$ cat data_12.cif   # mmCIF, C-alpha atoms and all ligand atoms
data_input
loop_
_atom_site.label_atom_id
_atom_site.label_comp_id
_atom_site.auth_asym_id
_atom_site.auth_seq_id
_atom_site.Cartn_x
_atom_site.Cartn_y
_atom_site.Cartn_z
CA MET B 1 110.15 111.41 133.96
CA THR B 2 111.58 109.65 130.91
CA THR B 3 114.91 107.92 130.90
CA THR B 4 115.45 106.53 127.43
CA SER B 5 114.71 107.43 123.86
CA ASN B 6 112.80 104.93 121.73
CA HIS B 7 113.59 104.80 118.00
CA PHE B 8 110.90 103.20 115.85
CA VAL B 9 109.56 102.71 112.32
CA ARG B 10 106.12 104.15 111.70
CA PHE B 11 103.70 102.95 109.00
CA VAL B 12 102.71 106.15 107.18
CA LYS B 13 100.96 105.15 103.97
CA ARG B 14 98.85 102.26 102.67
CA PRO B 15 100.60 100.82 99.61
CA GLU B 16 99.13 101.07 96.13
CA GLY B 17 100.08 97.71 94.65
CA ALA B 18 103.29 96.21 96.03
CA PRO B 19 104.63 98.06 99.09
CA THR B 20 107.39 100.61 98.46
CA PRO B 21 109.87 102.07 100.98
CA ASP B 22 107.77 105.26 101.42
CA VAL B 23 105.26 103.28 103.52
CA PHE B 24 107.76 103.61 106.40
CA GLU B 25 109.20 106.56 108.30
CA LEU B 26 111.76 106.54 111.11
CA GLY B 27 110.78 108.25 114.37
CA GLU B 28 111.89 108.83 117.94
CA ALA B 29 110.05 109.46 121.22
CA PRO B 30 110.86 109.18 124.92
CA VAL B 31 110.13 105.84 126.59
CA PRO B 32 107.24 106.54 128.98
CA GLU B 33 107.45 105.75 132.70
CA LEU B 34 105.73 102.48 133.60
CA LYS B 35 102.36 102.37 135.32
CA ASP B 36 101.39 99.63 137.79
CA GLY B 37 100.87 96.35 135.92
CA GLN B 38 103.21 97.25 133.06
CA PHE B 39 106.67 96.02 132.06
CA LEU B 40 109.25 97.38 129.63
CA ILE B 41 110.79 95.20 126.92
CA LYS B 42 114.14 96.06 125.37
CA VAL B 43 113.71 94.56 121.90
CA CYS B 44 116.69 92.40 120.85
CA TYR B 45 115.55 90.88 117.51
CA LEU B 46 112.78 91.73 115.06
CA SER B 47 111.41 89.31 112.50
CA MET B 48 110.85 90.44 108.89
CA ASP B 49 107.80 88.36 108.01
CA PRO B 50 106.18 88.38 104.53
CA ALA B 51 102.76 88.22 106.24
CA LEU B 52 103.28 91.82 107.42
CA VAL B 53 102.30 92.95 103.92
CA GLY B 54 98.81 91.65 104.72
CA ARG B 55 98.72 93.93 107.76
CA MET B 56 99.29 96.97 105.52
CA ARG B 57 95.98 96.41 103.71
CA ALA B 58 92.75 97.55 105.33
CA GLU B 59 91.00 94.26 104.62
CA SER B 60 89.85 91.27 106.62
CA ASN B 61 92.74 89.03 107.65
CA TYR B 62 93.64 86.59 110.42
CA ALA B 63 95.56 89.39 112.17
CA ASP B 64 94.66 93.04 112.85
CA PHE B 65 95.81 95.47 110.20
CA VAL B 66 98.11 98.35 111.09
CA GLU B 67 96.55 101.84 111.15
CA VAL B 68 98.31 104.59 109.22
CA GLY B 69 100.47 106.52 111.72
CA GLU B 70 100.98 103.54 114.06
CA ILE B 71 104.35 101.93 114.75
CA MET B 72 104.68 99.11 112.19
CA HIS B 73 103.53 95.77 113.55
CA GLY B 74 105.99 92.92 113.94
CA TYR B 75 107.16 90.07 116.14
CA GLY B 76 110.31 90.16 118.18
CA ILE B 77 112.39 88.77 121.00
CA GLY B 78 113.08 91.11 123.86
CA GLN B 79 114.26 91.22 127.45
CA VAL B 80 112.35 92.73 130.35
CA ILE B 81 114.42 95.62 131.71
CA ARG B 82 111.85 97.12 134.10
CA SER B 83 108.73 95.61 135.59
CA ARG B 84 105.77 96.79 137.64
CA HIS B 85 103.89 93.64 136.68
CA PRO B 86 103.30 91.13 139.50
CA LYS B 87 104.10 88.08 137.35
CA VAL B 88 106.88 89.36 135.08
CA LYS B 89 110.47 89.47 136.29
CA VAL B 90 113.30 91.73 135.14
CA GLY B 91 115.65 89.73 132.91
CA GLU B 92 112.98 87.46 131.38
CA VAL B 93 113.45 86.95 127.65
CA ARG B 94 110.09 87.05 125.86
CA LEU B 95 108.62 86.50 122.40
CA GLY B 96 105.74 88.69 121.32
CA GLN B 97 104.38 91.35 119.03
CA PHE B 98 106.67 94.14 120.20
CA ASN B 99 106.43 96.02 116.86
CA MET B 100 109.22 97.77 114.94
CA GLN B 101 110.83 99.67 117.80
CA GLU B 102 113.64 99.51 120.34
CA TYR B 103 111.47 99.48 123.48
CA CYS B 104 107.94 98.24 124.03
CA VAL B 105 105.70 98.96 127.02
CA CYS B 106 103.54 95.88 127.69
CA SER B 107 100.61 95.37 130.04
CA ASP B 108 99.33 91.87 129.46
CA ALA B 109 101.78 89.04 130.23
CA GLU B 110 99.60 86.69 128.15
CA ASP B 111 100.37 88.68 124.99
CA SER B 112 104.00 87.52 125.04
CA THR B 113 105.67 84.25 126.06
CA GLN B 114 108.75 83.71 128.17
CA ILE B 115 111.37 81.73 126.27
CA ASN B 116 114.17 79.47 127.46
CA SER B 117 117.56 80.25 125.92
CA GLY B 118 118.86 76.81 126.95
CA LEU B 119 116.35 75.06 124.71
CA ALA B 120 116.98 77.31 121.71
CA GLU B 121 119.05 80.45 121.03
CA PRO B 122 116.93 83.61 121.41
CA SER B 123 116.94 84.43 117.68
CA TRP B 124 115.83 80.86 116.85
CA TYR B 125 112.43 81.62 118.44
CA LEU B 126 111.83 83.83 115.39
CA SER B 127 113.31 81.33 112.96
CA VAL B 128 114.02 77.63 113.09
CA THR B 129 112.41 76.73 116.43
CA GLY B 130 110.03 79.69 116.27
CA ILE B 131 107.64 81.18 113.76
CA THR B 132 109.16 79.57 110.66
CA GLY B 133 110.05 76.13 112.04
CA MET B 134 106.76 75.75 113.89
CA THR B 135 104.77 76.69 110.78
CA ALA B 136 106.55 73.95 108.82
CA TYR B 137 106.20 71.43 111.67
CA PHE B 138 102.46 71.85 112.24
CA ALA B 139 101.53 72.18 108.56
CA LEU B 140 103.40 68.95 107.76
CA ASN B 141 102.06 67.01 110.73
CA ASP B 142 98.47 68.19 110.61
CA ILE B 143 97.77 68.83 106.92
CA CYS B 144 100.43 67.42 104.57
CA LYS B 145 100.92 64.06 106.36
CA PRO B 146 103.82 63.02 104.08
CA LYS B 147 104.55 59.37 103.27
CA ALA B 148 107.72 57.87 101.82
CA GLY B 149 107.80 57.96 98.03
CA GLU B 150 105.43 60.93 97.71
CA THR B 151 106.28 64.19 95.91
CA MET B 152 105.98 67.53 97.70
CA VAL B 153 106.15 70.87 95.86
CA VAL B 154 107.07 73.97 97.88
CA SER B 155 106.36 77.43 96.50
CA ALA B 156 108.72 80.15 97.78
CA GLY B 157 110.94 77.06 98.06
CA GLY B 158 113.90 79.10 99.26
CA SER B 159 111.95 80.73 102.10
CA SER B 160 112.84 79.92 105.69
CA VAL B 161 109.57 78.05 106.19
CA GLY B 162 109.98 76.27 102.86
CA VAL B 163 113.50 74.94 103.40
CA ILE B 164 112.61 73.56 106.84
CA ALA B 165 109.52 71.80 105.47
CA ALA B 166 111.54 70.39 102.57
CA GLN B 167 114.29 69.00 104.81
CA MET B 168 111.75 67.36 107.11
CA VAL B 169 109.89 65.52 104.35
CA LYS B 170 113.14 64.57 102.61
CA GLN B 171 114.08 62.61 105.73
CA ILE B 172 110.82 60.69 105.46
CA GLY B 173 111.78 59.69 101.91
CA CYS B 174 109.76 62.13 99.79
CA ARG B 175 110.79 63.80 96.53
CA THR B 176 111.02 67.57 97.09
CA VAL B 177 110.54 70.17 94.38
CA ALA B 178 110.96 73.92 94.88
CA ILE B 179 109.47 76.85 92.99
CA VAL B 180 111.66 79.97 93.20
CA SER B 181 112.10 83.23 91.32
CA THR B 182 115.09 82.58 89.01
CA ASP B 183 117.13 79.75 87.52
CA GLU B 184 120.20 80.92 89.50
CA LYS B 185 118.24 80.70 92.73
CA ALA B 186 116.89 77.29 91.68
CA ALA B 187 120.44 75.94 91.29
CA GLN B 188 121.54 77.53 94.56
CA ILE B 189 118.71 76.21 96.71
CA LYS B 190 118.95 72.73 95.19
CA ALA B 191 122.59 72.56 96.19
CA GLU B 192 122.06 74.15 99.58
CA TRP B 193 118.85 72.52 100.81
CA GLY B 194 118.85 69.15 99.04
CA TYR B 195 115.77 69.62 96.85
CA ASP B 196 115.50 66.94 94.15
CA ALA B 197 114.44 69.56 91.61
CA ALA B 198 113.78 73.29 91.47
CA VAL B 199 111.99 75.39 88.85
CA SER B 200 111.76 79.14 88.38
CA TYR B 201 108.54 81.14 88.04
CA ARG B 202 109.63 84.70 87.18
CA GLY B 203 108.51 85.85 83.71
CA LYS B 204 106.64 82.59 83.01
CA SER B 205 102.98 82.07 82.15
CA VAL B 206 100.92 79.59 84.17
CA ASP B 207 101.18 77.10 81.28
CA GLN B 208 105.00 77.42 81.07
CA LEU B 209 105.38 76.90 84.81
CA GLN B 210 103.02 73.91 84.62
CA ALA B 211 105.17 72.36 81.87
CA ASP B 212 108.35 72.82 83.97
CA LEU B 213 106.65 71.34 87.04
CA GLU B 214 105.41 68.38 85.04
CA LYS B 215 109.03 67.53 84.14
CA ALA B 216 110.17 68.04 87.74
CA CYS B 217 107.38 65.83 89.14
CA PRO B 218 107.30 62.73 86.91
CA ASN B 219 105.06 60.88 89.39
CA GLY B 220 102.62 63.76 89.91
CA ILE B 221 102.17 65.86 93.05
CA ASP B 222 100.95 64.45 96.36
CA ILE B 223 101.59 67.45 98.61
CA TYR B 224 101.66 71.15 97.91
CA PHE B 225 103.20 73.39 100.58
CA ASP B 226 101.72 76.63 99.30
CA ASN B 227 103.56 79.77 100.41
CA THR B 228 102.42 81.95 97.52
CA SER B 229 98.83 81.34 96.33
CA GLY B 230 97.98 83.13 93.05
CA ASP B 231 99.21 82.15 89.57
CA ILE B 232 102.04 79.96 90.89
CA SER B 233 99.54 77.72 92.67
CA GLU B 234 97.27 77.61 89.63
CA ALA B 235 100.13 75.99 87.69
CA LEU B 236 99.84 72.84 89.85
CA LEU B 237 96.14 72.21 89.28
CA ASP B 238 96.45 69.59 86.55
CA LEU B 239 99.37 67.77 88.19
CA TYR B 240 97.80 66.52 91.44
CA ASN B 241 97.50 62.84 92.23
CA ASP B 242 94.34 61.47 93.84
CA TYR B 243 94.05 62.40 97.53
CA ALA B 244 96.76 65.07 97.34
CA ARG B 245 97.00 67.47 100.29
CA ILE B 246 97.43 71.23 99.96
CA ALA B 247 98.52 73.31 102.95
CA VAL B 248 97.80 77.00 102.32
CA ILE B 249 100.51 78.76 104.30
CA GLY B 250 101.00 82.17 102.68
CA ARG B 251 100.11 84.63 99.93
CA LEU B 252 103.45 85.96 98.71
CA GLY B 253 102.32 85.71 95.09
CA ILE B 254 99.36 88.04 95.60
CA ALA B 255 101.03 90.47 98.00
CA HIS B 256 101.12 93.12 95.27
CA LEU B 257 97.31 93.31 95.05
CA ASN B 258 95.51 96.15 96.84
CA ASP B 259 92.58 93.88 97.48
CA THR B 260 92.67 90.07 97.41
CA ARG B 261 89.35 90.08 95.48
CA GLN B 262 91.55 91.01 92.51
CA ASP B 263 93.11 87.53 92.78
CA ILE B 264 91.25 86.04 89.84
CA GLY B 265 92.19 82.75 88.21
CA ARG B 266 90.96 79.30 87.32
CA ARG B 267 88.54 77.86 89.87
CA ASP B 268 89.72 74.64 91.52
CA ASN B 269 86.47 72.85 92.46
CA ASN B 270 86.55 70.50 89.48
CA VAL B 271 90.04 69.24 90.36
CA THR B 272 89.27 69.21 94.08
CA LEU B 273 86.30 66.94 93.50
CA ALA B 274 87.74 64.73 90.78
CA LYS B 275 91.05 64.16 92.63
CA ARG B 276 89.52 64.21 96.15
CA LEU B 277 91.96 66.93 97.24
CA THR B 278 92.28 68.15 100.80
CA LYS B 279 93.04 71.89 100.96
CA LYS B 280 93.44 73.58 104.31
CA GLY B 281 94.59 76.97 105.51
CA MET B 282 97.06 77.02 108.38
CA VAL B 283 97.67 79.88 110.84
CA LEU B 284 100.32 79.40 113.48
CA PHE B 285 98.38 81.40 116.11
CA ASP B 286 96.01 78.42 116.42
CA TYR B 287 98.87 76.18 117.60
CA LYS B 288 99.95 78.24 120.62
CA PRO B 289 98.92 75.50 123.11
CA ARG B 290 101.17 73.01 121.27
CA SER B 291 104.16 75.30 120.75
CA MET B 292 106.43 73.54 123.31
CA GLU B 293 105.99 70.22 121.46
CA ALA B 294 107.28 71.80 118.24
CA ILE B 295 110.12 73.76 119.87
CA VAL B 296 111.49 70.65 121.61
CA GLN B 297 111.22 68.49 118.46
CA LEU B 298 112.85 71.14 116.25
CA ALA B 299 115.62 71.87 118.79
CA ARG B 300 116.38 68.14 118.99
CA MET B 301 116.52 67.83 115.19
CA ILE B 302 119.10 70.63 115.13
CA GLN B 303 121.03 69.01 117.96
CA ARG B 304 121.13 65.71 116.02
CA GLY B 305 122.26 67.51 112.85
CA GLU B 306 119.05 66.62 110.99
CA LEU B 307 117.96 70.18 110.32
CA LYS B 308 120.01 72.99 108.77
CA PHE B 309 118.89 76.59 108.78
CA SER B 310 120.29 80.05 108.32
CA GLU B 311 119.56 83.51 109.59
CA ASP B 312 120.28 86.74 107.76
CA ILE B 313 120.79 89.36 110.44
CA VAL B 314 121.15 93.10 109.87
CA GLU B 315 121.69 95.51 112.76
CA GLY B 316 119.90 98.67 113.86
CA ILE B 317 116.29 99.88 113.77
CA GLU B 318 117.25 102.37 111.03
CA ASN B 319 117.99 99.39 108.76
CA MET B 320 114.63 97.69 109.37
CA PRO B 321 112.88 99.10 106.25
CA ALA B 322 115.75 98.00 103.98
CA ALA B 323 115.78 94.55 105.60
CA PHE B 324 112.03 94.22 105.05
CA PHE B 325 112.28 95.01 101.33
CA ARG B 326 115.37 92.83 100.95
CA MET B 327 113.23 89.95 102.20
CA LEU B 328 110.32 90.80 99.86
CA GLU B 329 112.77 90.89 96.92
CA GLY B 330 114.02 87.42 97.86
CA LYS B 331 117.59 88.67 98.48
CA ASN B 332 117.69 87.36 102.06
CA GLN B 333 119.99 84.40 102.73
CA GLY B 334 118.03 82.79 105.55
CA LYS B 335 115.37 84.12 107.90
CA GLN B 336 115.59 87.89 107.74
CA LEU B 337 116.03 89.35 111.22
CA VAL B 338 117.03 92.77 112.53
CA LYS B 339 119.16 92.80 115.64
CA LEU B 340 118.71 95.75 117.99
CA ALA B 341 120.46 94.59 121.17
CA ASP B 342 122.17 91.62 122.83
CA VAL B 343 120.28 89.43 125.27
CA ASP B 344 121.91 89.72 128.71
CA ALA B 345 122.15 86.04 129.69
CA GLY B 346 123.46 86.98 133.14
CA ILE B 347 120.10 88.38 134.29
CA ASP B 348 117.79 85.82 132.63
CA PRO B 349 115.86 83.98 135.40
CA ALA B 350 114.69 81.16 133.07
CA PRO B 351 115.74 77.58 134.01
CA VAL B 352 118.31 77.44 131.21
CA VAL B 353 119.77 74.11 132.41
CA ILE B 354 116.37 72.43 132.03
CA GLY B 355 116.12 73.89 128.54
CA LYS B 356 119.52 72.41 127.66
CA LEU B 357 118.43 69.01 128.98
CA LEU B 358 115.24 69.11 126.93
CA ARG B 359 117.20 70.02 123.79
CA SER B 360 119.68 67.24 124.19
CA SER B 361 117.87 63.93 124.41
CA ASP B 362 121.35 62.32 124.48
CA MET B 363 122.10 64.35 127.56
CA LEU B 364 118.86 63.10 129.17
CA THR B 365 119.75 59.51 128.25
CA GLY B 366 123.22 60.05 129.69
CA LEU B 367 121.78 61.49 132.90
CA VAL B 368 119.38 58.57 133.36
CA ALA B 369 122.26 56.09 132.80
CA LYS B 370 124.40 57.99 135.33
CA LEU B 371 121.65 57.95 137.96
CA GLY B 372 121.13 54.21 137.29
CA SER B 373 124.82 53.39 137.77
CA ARG B 374 124.87 55.43 141.02
CA LYS B 375 121.88 53.42 142.32
CA LYS B 376 123.66 50.14 141.48
CA ALA B 377 126.87 51.30 143.19
CA ALA B 378 124.90 52.23 146.32
N1 LIG H 401 100.34 80.74 108.12
C1 LIG H 401 101.20 81.06 109.07
O1 LIG H 401 100.92 81.03 110.26
C2 LIG H 401 102.59 81.50 108.64
C3 LIG H 401 103.60 81.73 109.58
C4 LIG H 401 104.88 82.11 109.12
C5 LIG H 401 105.10 82.27 107.75
N2 LIG H 401 104.06 82.06 106.89
C6 LIG H 401 104.24 82.20 105.44
O2 LIG H 401 105.30 81.37 105.02
C7 LIG H 401 105.83 81.91 103.82
C8 LIG H 401 107.34 82.00 103.92
O3 LIG H 401 107.67 82.89 104.97
P1 LIG H 401 109.19 83.07 105.44
O4 LIG H 401 109.20 83.94 106.62
O5 LIG H 401 109.81 81.75 105.48
O6 LIG H 401 109.78 83.84 104.16
P2 LIG H 401 111.25 84.31 103.87
O7 LIG H 401 112.29 83.41 104.40
O8 LIG H 401 111.36 85.73 104.24
O9 LIG H 401 111.30 84.19 102.29
C9 LIG H 401 110.43 84.90 101.47
C10 LIG H 401 110.63 84.42 100.03
O10 LIG H 401 109.43 84.61 99.32
C11 LIG H 401 109.69 84.74 97.97
N3 LIG H 401 108.82 85.75 97.36
C12 LIG H 401 108.81 87.08 97.60
N4 LIG H 401 107.89 87.69 96.83
C13 LIG H 401 107.33 86.71 96.09
C14 LIG H 401 106.32 86.71 95.09
N5 LIG H 401 105.73 87.83 94.69
N6 LIG H 401 105.96 85.53 94.55
C15 LIG H 401 106.56 84.39 94.94
N7 LIG H 401 107.53 84.32 95.88
C16 LIG H 401 107.91 85.48 96.44
C17 LIG H 401 111.16 85.15 97.83
O11 LIG H 401 111.84 84.11 97.15
P3 LIG H 401 111.94 84.08 95.55
O12 LIG H 401 113.16 84.90 95.20
O13 LIG H 401 112.09 82.66 95.23
O14 LIG H 401 110.67 84.67 94.99
C18 LIG H 401 111.65 85.24 99.29
O15 LIG H 401 112.94 84.72 99.48
C19 LIG H 401 105.14 83.26 103.60
O16 LIG H 401 104.08 83.10 102.70
C20 LIG H 401 104.61 83.59 104.98
O17 LIG H 401 103.51 84.46 104.95
C21 LIG H 401 102.83 81.68 107.30
#

$ encode --input "data_12.cif" --output "structure tokens"
Amino acid sequence: MTTTSNHFVRFVKRPEGAPTPDVFELGEAPVPELKDGQFLIKVCYLSMDPALVGRMRAESNYADFVEVGEIMHGYGIGQVIRSRHPKVKVGEVRLGQFNMQEYCVCSDAEDSTQINSGLAEPSWYLSVTGITGMTAYFALNDICKPKAGETMVVSAGGSSVGVIAAQMVKQIGCRTVAIVSTDEKAAQIKAEWGYDAAVSYRGKSVDQLQADLEKACPNGIDIYFDNTSGDISEALLDLYNDYARIAVIGRLGIAHLNDTRQDIGRRDNNVTLAKRLTKKGMVLFDYKPRSMEAIVQLARMIQRGELKFSEDIVEGIENMPAAFFRMLEGKNQGKQLVKLADVDAGIDPAPVVIGKLLRSSDMLTGLVAKLGSRKKAA
């Protein structure tokens, strides 16, 4: 017997070149009854991630690609509304690959993670304390290793990952330089996110972009936070200082290619050797065991007012395709999310109070002081 209808977005066509809206189709099917060992997630938020373009191509990647006809892949936050799983309770709020749909039947509890809404708001687990914030946090700590006085360039400088990385290194005392699509966007993100300089790439040759970057980075480049790859990244090659670090985070600049073997440009071995560059790819999946460290640190930075962020939320599964293309066109003002339902805080069994304590180090300090004064009084 079925009780609820599930609306979803199906992937129906591999893109030729850049993806177009006809790769998606809306659909509806009954939610199946659960079998033993399964639980049902009501999806509350979906994340519109640029990396999903990579899943549309039938080529080797760090994540599985989506088959034509399948529900489009994607990460989300959802709440368990039914459970026949021995370890999963109704009401739990979880983060996982629930795909572009309203309800998701899950079998393996390890495939998703219970979150604590006291430590961070549910939507933040897809943005500032989640996928985007953690990517910035681990790439900076493990690859970029910024030092005061250094210059960091961020491609897709207005992206959610980019603005978090830029704010974090700015606090250390680095010069931050963004690469974005247009001059208008360059002015906007400089004002909004505190970049020292911002240059535009759209319509420019590699040499023109290099000349603009040279002016924006008078002391050369020590760190490149690379969200794009492709021609944009080639424009930095002659500007690196000795021992510069390059974190390869994303491939937005080559997302229009059917096959990444078509990504042809100047080879970088000569510069890598001569300047002793360190270039390393970073995939957030690898950091799952350390995710709590990043969530707590990021939540505390927000609490202390050291980290700003924004979310751009549209509502309804029927608006997911438009939200996805809005993000690819760079029209999103903050992490692009799609909201499908509210989280029901009243049924969440997570220890929310402990989450709040972890988020607020001041609160912890206050609590310790309070306990100390009680001891003295006794
Ligand atoms: N490695 C990992 O584990 C991991 C995890 C999460 C995210 N990422 C990567 O981090 C990057 C940012 O992700 P996000 O979620 O923060 O993005 P986002 O907030 O959705 O922003 C995407 C931005 O990318 C820019 N863009 C779009 N197409 C572009 C193109 N063809 N060339 C250059 N820039 C383009 C647009 O800005 P403009 O208007 O300025 O072009 C757009 O605003 C992506 O590369 C993503 O794949 C990696």

$ residues_near_point --input "data_12.cif" --point "(103.6, 69.2, 105.9)" --cutoff "12 Å" --atoms "all atoms listed in the file" --output "PDB file with C-alpha atoms, in the coordinates of the input"
ATOM      1  CA  GLY B 133     110.050  76.130 112.040  1.00  0.00           C
ATOM      2  CA  MET B 134     106.760  75.750 113.890  1.00  0.00           C
ATOM      3  CA  THR B 135     104.770  76.690 110.780  1.00  0.00           C
ATOM      4  CA  ALA B 136     106.550  73.950 108.820  1.00  0.00           C
ATOM      5  CA  TYR B 137     106.200  71.430 111.670  1.00  0.00           C
ATOM      6  CA  PHE B 138     102.460  71.850 112.240  1.00  0.00           C
ATOM      7  CA  ALA B 139     101.530  72.180 108.560  1.00  0.00           C
ATOM      8  CA  LEU B 140     103.400  68.950 107.760  1.00  0.00           C
ATOM      9  CA  ASN B 141     102.060  67.010 110.730  1.00  0.00           C
ATOM     10  CA  ASP B 142      98.470  68.190 110.610  1.00  0.00           C
ATOM     11  CA  ILE B 143      97.770  68.830 106.920  1.00  0.00           C
ATOM     12  CA  CYS B 144     100.430  67.420 104.570  1.00  0.00           C
ATOM     13  CA  LYS B 145     100.920  64.060 106.360  1.00  0.00           C
ATOM     14  CA  PRO B 146     103.820  63.020 104.080  1.00  0.00           C
ATOM     15  CA  LYS B 147     104.550  59.370 103.270  1.00  0.00           C
ATOM     16  CA  GLU B 150     105.430  60.930  97.710  1.00  0.00           C
ATOM     17  CA  THR B 151     106.280  64.190  95.910  1.00  0.00           C
ATOM     18  CA  MET B 152     105.980  67.530  97.700  1.00  0.00           C
ATOM     19  CA  VAL B 153     106.150  70.870  95.860  1.00  0.00           C
ATOM     20  CA  VAL B 154     107.070  73.970  97.880  1.00  0.00           C
ATOM     21  CA  VAL B 161     109.570  78.050 106.190  1.00  0.00           C
ATOM     22  CA  GLY B 162     109.980  76.270 102.860  1.00  0.00           C
ATOM     23  CA  VAL B 163     113.500  74.940 103.400  1.00  0.00           C
ATOM     24  CA  ILE B 164     112.610  73.560 106.840  1.00  0.00           C
ATOM     25  CA  ALA B 165     109.520  71.800 105.470  1.00  0.00           C
ATOM     26  CA  ALA B 166     111.540  70.390 102.570  1.00  0.00           C
ATOM     27  CA  GLN B 167     114.290  69.000 104.810  1.00  0.00           C
ATOM     28  CA  MET B 168     111.750  67.360 107.110  1.00  0.00           C
ATOM     29  CA  VAL B 169     109.890  65.520 104.350  1.00  0.00           C
ATOM     30  CA  LYS B 170     113.140  64.570 102.610  1.00  0.00           C
ATOM     31  CA  ILE B 172     110.820  60.690 105.460  1.00  0.00           C
ATOM     32  CA  CYS B 174     109.760  62.130  99.790  1.00  0.00           C
ATOM     33  CA  THR B 176     111.020  67.570  97.090  1.00  0.00           C
ATOM     34  CA  ASP B 222     100.950  64.450  96.360  1.00  0.00           C
ATOM     35  CA  ILE B 223     101.590  67.450  98.610  1.00  0.00           C
ATOM     36  CA  TYR B 224     101.660  71.150  97.910  1.00  0.00           C
ATOM     37  CA  PHE B 225     103.200  73.390 100.580  1.00  0.00           C
ATOM     38  CA  ASP B 226     101.720  76.630  99.300  1.00  0.00           C
ATOM     39  CA  ASN B 227     103.560  79.770 100.410  1.00  0.00           C
ATOM     40  CA  ALA B 244      96.760  65.070  97.340  1.00  0.00           C
ATOM     41  CA  ARG B 245      97.000  67.470 100.290  1.00  0.00           C
ATOM     42  CA  ILE B 246      97.430  71.230  99.960  1.00  0.00           C
ATOM     43  CA  ALA B 247      98.520  73.310 102.950  1.00  0.00           C
ATOM     44  CA  VAL B 248      97.800  77.000 102.320  1.00  0.00           C
ATOM     45  CA  ILE B 249     100.510  78.760 104.300  1.00  0.00           C
ATOM     46  CA  LYS B 279      93.040  71.890 100.960  1.00  0.00           C
ATOM     47  CA  LYS B 280      93.440  73.580 104.310  1.00  0.00           C
ATOM     48  CA  GLY B 281      94.590  76.970 105.510  1.00  0.00           C
ATOM     49  CA  MET B 282      97.060  77.020 108.380  1.00  0.00           C
TER      50      MET B 282
END

$ atom_distance --input "data_12.cif" --atom1 "atom CA of Ser127 of chain B" --atom2 "atom CA of Asp183 of chain B"
25.8 Å

$ residues_around --input "data_12.cif" --residues "segment 11-24 of chain B" --least-positions-apart "3" --cutoff "8 Å" --atoms "all atoms listed in the file" --output "VMD selection string"
chain B and resid 53 56 to 57 66 to 72 255 to 258 321 to 322 325

$ write_last_selection --input "data_12.cif" --atoms "C-alpha atoms" --output "PDB file, in the coordinates of the input"
ATOM      1  CA  VAL B  53     102.300  92.950 103.920  1.00  0.00           C
ATOM      2  CA  MET B  56      99.290  96.970 105.520  1.00  0.00           C
ATOM      3  CA  ARG B  57      95.980  96.410 103.710  1.00  0.00           C
ATOM      4  CA  VAL B  66      98.110  98.350 111.090  1.00  0.00           C
ATOM      5  CA  GLU B  67      96.550 101.840 111.150  1.00  0.00           C
ATOM      6  CA  VAL B  68      98.310 104.590 109.220  1.00  0.00           C
ATOM      7  CA  GLY B  69     100.470 106.520 111.720  1.00  0.00           C
ATOM      8  CA  GLU B  70     100.980 103.540 114.060  1.00  0.00           C
ATOM      9  CA  ILE B  71     104.350 101.930 114.750  1.00  0.00           C
ATOM     10  CA  MET B  72     104.680  99.110 112.190  1.00  0.00           C
ATOM     11  CA  ALA B 255     101.030  90.470  98.000  1.00  0.00           C
ATOM     12  CA  HIS B 256     101.120  93.120  95.270  1.00  0.00           C
ATOM     13  CA  LEU B 257      97.310  93.310  95.050  1.00  0.00           C
ATOM     14  CA  ASN B 258      95.510  96.150  96.840  1.00  0.00           C
ATOM     15  CA  PRO B 321     112.880  99.100 106.250  1.00  0.00           C
ATOM     16  CA  ALA B 322     115.750  98.000 103.980  1.00  0.00           C
ATOM     17  CA  PHE B 325     112.280  95.010 101.330  1.00  0.00           C
TER      18      PHE B 325
END

$ closest_residue --input "data_12.cif" --among "B:Asp49, B:Glu110, B:Glu293, B:Asp196" --to "ligand LIG 401 (chain H)" --atoms "only C-alpha atoms and all ligand atoms"
B:Asp49

$ atom_distance --input "data_12.cif" --atom1 "atom CA of Tyr125 of chain B" --atom2 "atom CA of Glu318 of chain B"
22.6 Å

$ atom_distance --input "data_12.cif" --atom1 "atom CA of Val296 of chain B" --atom2 "atom CA of Arg359 of chain B"
6.1 Å

$ closest_residue --input "data_12.cif" --among "B:Ser123, B:Asn269, B:Asn219, B:Ser310" --to "Leu237 of chain B" --atoms "all atoms listed in the file"
B:Asn269

$ closest_residue --input "data_12.cif" --among "B:Phe8, B:Tyr62, B:Tyr45, B:Phe98" --to "ligand LIG 401 (chain H)" --atoms "only C-alpha atoms and all ligand atoms"
B:Tyr62

$ closest_residue --input "data_12.cif" --among "B:Leu277, B:Pro50, B:Phe39, B:Ala191" --to "Pro86 of chain B" --atoms "only C-alpha atoms"
B:Phe39

$ residues_near_point --input "data_12.cif" --point "(112.1, 103.4, 123.0)" --cutoff "8 Å" --atoms "all atoms listed in the file" --output "JSON, numbers by chain"
{"B": [4, 5, 6, 7, 8, 28, 29, 30, 31, 42, 101, 102, 103, 104]}

$ closest_residue --input "data_12.cif" --among "B:Gly54, B:Gly118, B:Gly74, B:Gly91" --to "ligand LIG 401 (chain H)" --atoms "all atoms listed in the file"
B:Gly54

$ residues_around --input "data_12.cif" --residues "Met292 of chain B" --least-positions-apart "4" --cutoff "12 Å" --atoms "only C-alpha atoms" --output "list in words"
Thr113, Gln114, Ile115, Asn116, Leu119, Ala120, Tyr125, Thr129, Gly130, Met134, Tyr137, Phe138, Tyr287, Lys288, Val296, Gln297, Leu298, Ala299, Gly355, Leu358 and Arg359 of chain B
